[in-house]
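Asker: Handing over target_38.txt, compact mmCIF, C-alpha atoms.
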# COMPACT_ATOMS: atom_id res chain seq x y z
CA MET A 1 59.54 -10.37 71.23
CA SER A 2 58.74 -6.68 71.49
CA TYR A 3 55.75 -5.29 73.31
CA ASN A 4 54.41 -3.58 70.16
CA LEU A 5 54.46 -6.82 68.19
CA LEU A 6 52.59 -8.62 70.96
CA LYS A 7 50.08 -5.77 71.25
CA ASN A 8 49.48 -5.63 67.49
CA THR A 9 49.11 -9.42 67.30
CA ALA A 10 46.53 -9.30 70.10
CA ILE A 11 44.63 -6.53 68.32
CA VAL A 12 44.52 -8.44 65.02
CA GLY A 13 43.45 -11.61 66.83
CA ALA A 14 40.73 -9.79 68.77
CA MET A 15 39.40 -8.08 65.65
CA THR A 16 39.35 -11.43 63.81
CA LEU A 17 37.34 -12.90 66.68
CA VAL A 18 34.92 -9.96 66.61
CA SER A 19 34.54 -10.40 62.85
CA ARG A 20 33.73 -14.10 63.23
CA VAL A 21 31.18 -13.44 66.00
CA LEU A 22 29.51 -10.68 63.97
CA GLY A 23 29.38 -13.02 60.96
CA LEU A 24 27.60 -15.60 63.10
CA VAL A 25 25.15 -12.95 64.33
CA ARG A 26 24.54 -11.86 60.72
CA ASP A 27 23.79 -15.43 59.65
CA MET A 28 21.46 -15.94 62.61
CA VAL A 29 19.55 -12.73 61.87
CA LEU A 30 19.24 -13.58 58.17
CA ALA A 31 18.01 -17.09 59.00
CA ARG A 32 15.48 -15.70 61.48
CA TRP A 33 14.13 -12.97 59.17
CA PHE A 34 14.26 -14.75 55.83
CA GLY A 35 14.17 -18.41 56.83
CA ALA A 36 16.13 -21.30 55.39
CA ASP A 37 14.76 -21.67 51.87
CA ALA A 38 15.91 -21.72 48.25
CA ALA A 39 16.16 -17.94 48.01
CA MET A 40 18.41 -17.72 51.08
CA ASP A 41 20.64 -20.50 49.76
CA ALA A 42 20.89 -18.66 46.44
CA PHE A 43 21.81 -15.47 48.31
CA PHE A 44 24.64 -17.22 50.17
CA VAL A 45 26.00 -18.86 47.00
CA ALA A 46 25.85 -15.54 45.16
CA PHE A 47 28.14 -14.07 47.82
CA LYS A 48 30.34 -17.16 48.08
CA ILE A 49 31.78 -16.66 44.59
CA PRO A 50 33.07 -13.07 45.02
CA ASN A 51 34.32 -13.89 48.52
CA PHE A 52 36.33 -16.78 47.09
CA MET A 53 37.82 -14.50 44.44
CA ARG A 54 38.70 -11.93 47.10
CA ARG A 55 40.48 -14.58 49.16
CA LEU A 56 42.24 -15.94 46.12
CA PHE A 57 43.51 -12.64 44.69
CA ALA A 58 43.41 -9.91 47.30
CA GLU A 59 43.85 -10.92 50.90
CA GLY A 60 47.39 -10.20 51.81
CA ALA A 61 49.06 -10.91 48.50
CA PHE A 62 48.80 -7.41 47.09
CA SER A 63 49.74 -5.64 50.30
CA GLN A 64 52.69 -7.96 50.85
CA ALA A 65 53.97 -7.12 47.39
CA PHE A 66 53.04 -3.43 47.25
CA VAL A 67 53.96 -2.12 50.71
CA PRO A 68 57.72 -2.73 50.34
CA ILE A 69 57.70 -1.15 46.89
CA ILE A 70 55.79 1.94 47.99
CA SER A 71 58.06 2.26 51.05
CA GLU A 72 61.13 2.13 48.84
CA TYR A 73 59.63 4.71 46.48
CA ARG A 74 58.89 7.06 49.38
CA GLU A 75 62.48 6.82 50.60
CA GLN A 76 64.25 7.12 47.25
CA ARG A 77 61.94 9.07 44.94
CA ALA A 78 60.13 12.38 44.78
CA GLN A 79 56.51 12.72 45.91
CA GLU A 80 55.34 13.14 42.29
CA GLU A 81 56.90 9.79 41.34
CA VAL A 82 55.24 8.10 44.31
CA GLN A 83 51.89 9.58 43.29
CA THR A 84 52.43 8.43 39.69
CA LEU A 85 53.15 4.90 40.88
CA VAL A 86 50.03 4.85 43.06
CA ASN A 87 47.90 6.20 40.21
CA ARG A 88 49.21 3.64 37.74
CA VAL A 89 48.78 0.74 40.15
CA ALA A 90 45.26 1.88 41.08
CA GLY A 91 44.32 2.30 37.41
CA THR A 92 45.73 -1.08 36.46
CA LEU A 93 43.99 -2.82 39.35
CA GLY A 94 40.74 -1.04 38.52
CA GLY A 95 40.95 -2.20 34.91
CA ILE A 96 41.73 -5.76 35.94
CA LEU A 97 38.84 -5.72 38.43
CA LEU A 98 36.47 -4.44 35.74
CA MET A 99 37.53 -7.20 33.34
CA LEU A 100 37.26 -9.89 36.03
CA SER A 101 33.80 -8.61 36.95
CA ILE A 102 32.62 -8.76 33.34
CA VAL A 103 34.04 -12.27 32.92
CA GLY A 104 32.44 -13.29 36.22
CA VAL A 105 29.02 -12.06 35.15
CA LEU A 106 29.27 -13.72 31.75
CA ALA A 107 30.62 -16.95 33.21
CA SER A 108 28.22 -17.00 36.17
CA PRO A 109 26.38 -20.15 35.01
CA VAL A 110 29.66 -22.07 34.97
CA LEU A 111 30.78 -20.60 38.30
CA VAL A 112 27.51 -21.57 39.97
CA VAL A 113 27.85 -25.13 38.69
CA ILE A 114 31.37 -25.22 40.16
CA PHE A 115 30.48 -23.65 43.53
CA ALA A 116 26.99 -25.14 44.00
CA PRO A 117 26.46 -28.06 41.61
CA GLY A 118 23.26 -29.09 43.39
CA PHE A 119 21.56 -25.91 42.23
CA TYR A 120 21.93 -26.95 38.61
CA TYR A 121 21.27 -30.66 38.96
CA ARG A 122 18.64 -30.81 41.71
CA ASP A 123 16.83 -27.46 41.77
CA PRO A 124 16.74 -25.31 38.62
CA VAL A 125 14.81 -22.61 40.51
CA GLN A 126 17.79 -21.98 42.79
CA PHE A 127 20.09 -21.95 39.77
CA ASP A 128 17.92 -19.28 38.14
CA LEU A 129 17.88 -17.25 41.35
CA VAL A 130 21.67 -17.12 41.41
CA VAL A 131 22.36 -16.76 37.69
CA VAL A 132 19.39 -15.17 35.94
CA ALA A 133 17.96 -12.88 38.62
CA PRO A 134 21.13 -10.78 39.11
CA LEU A 135 21.47 -10.37 35.34
CA ASP A 136 17.85 -9.22 35.14
CA LEU A 137 18.41 -6.76 37.98
CA GLU A 138 21.46 -5.32 36.23
CA ARG A 139 19.56 -5.03 32.94
CA PHE A 140 16.57 -3.36 34.60
CA GLY A 141 18.87 -1.05 36.53
CA ALA A 142 20.60 0.01 33.32
CA LEU A 143 17.24 0.51 31.59
CA ASP A 144 15.96 2.56 34.52
CA ALA A 145 19.09 4.71 34.52
CA ALA A 146 18.73 5.28 30.76
CA ARG A 147 15.06 6.17 31.21
CA ARG A 148 15.86 8.72 33.92
CA ALA A 149 18.71 10.32 31.96
Give the structure from the file, written as structure tokens.

Answerer:
Amino acid sequence: MSYNLLKNTAIVGAMTLVSRVLGLVRDMVLARWFGADAAMDAFFVAFKIPNFMRRLFAEGAFSQAFVPIISEYREQRAQEEVQTLVNRVAGTLGGILLMLSIVGVLASPVLVVIFAPGFYYRDPVQFDLVVVAPLDLERFGALDAARRA
């Protein structure tokens, strides 16, 4: 095993450990400042859904597929072709992300029932905090932007 591989593995491991410790500190600070109540639970569930989607679609899979292709393009093609590939991939991914975001917002009641069924069945207030409140914030933000324009 080469020294660089060992060094890079140690760096990734150390940064993962730092990330986990900082996540614990974040959760402790949030619990201390905001307490452990329905609103905090709703906050955590609201972030659980996009984090799950990120893990499902993004972590590692895209880079494992794209890095070899972009490396091959850089070796065998002109810089303009490489830039065209990057632009097309970025545009396609941006469009897919936009569509997934719209579907996620529209399907948020179903997603919340899947990820936190207790919110729907036991406490409708928490369900409304996760589903209705973000939609209201988006609507009011759009109305405010239109008013200021």

Asker: Give me the residues near range 109-123 of chain A as a PyMOL selection string, where near means some atom within 9 Å (using only C-alpha atoms) and where sequence neighbours in that chain fewer than 3 positions away do not count.

Answerer: chain A and resi 38+42+45-46+48-49+104-106+126-128+130-132

Asker: Separation of CA of Thr84 in chain A and CA of Ile96 in chain A, in Å?

Answerer: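 Atom-to-atom, CA of Thr84 in chain A and CA of Ile96 in chain A are spaced 18.2 Å apart.
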
Asker: So for range 26-36 of chain A, what box centre and size do we get, axis-aligned, 6 Å extra on each of the six sides, every listed atom, Å to one decimal, as lines of an AutoDock Vina configuration file?

Answerer:
center_x = 19.3
center_y = -16.6
center_z = 59.0
size_x = 22.4
size_y = 21.4
size_z = 19.2

Asker: What gap, in Å, lies between CA of Ser71 in chain A and CA of Gly94 in chain A?

Answerer: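 Taking CA of Ser71 in chain A as the start and CA of Gly94 in chain A as the end point, the length is 21.6 Å.
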
Asker: Considering all atoms listed in the file, can you say which of A:Leu56, A:Leu30, A:Leu129, A:Leu93 comes closest to Ser108 in chain A?

Answerer: A:Leu129

Asker: One decimal, Å: what's the distance from CA of Glu80 in chain A over to CA of Ala61 in chain A, could you say?

Answerer: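 About the pair CA of Glu80 in chain A and CA of Ala61 in chain A: they are 25.6 Å apart.
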
Asker: Which is closest to Leu100 in chain A among A:Glu72, A:Phe47, A:Arg54, A:Gln64, if we use only C-alpha atoms?

Answerer: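 Closest candidate: A:Arg54.
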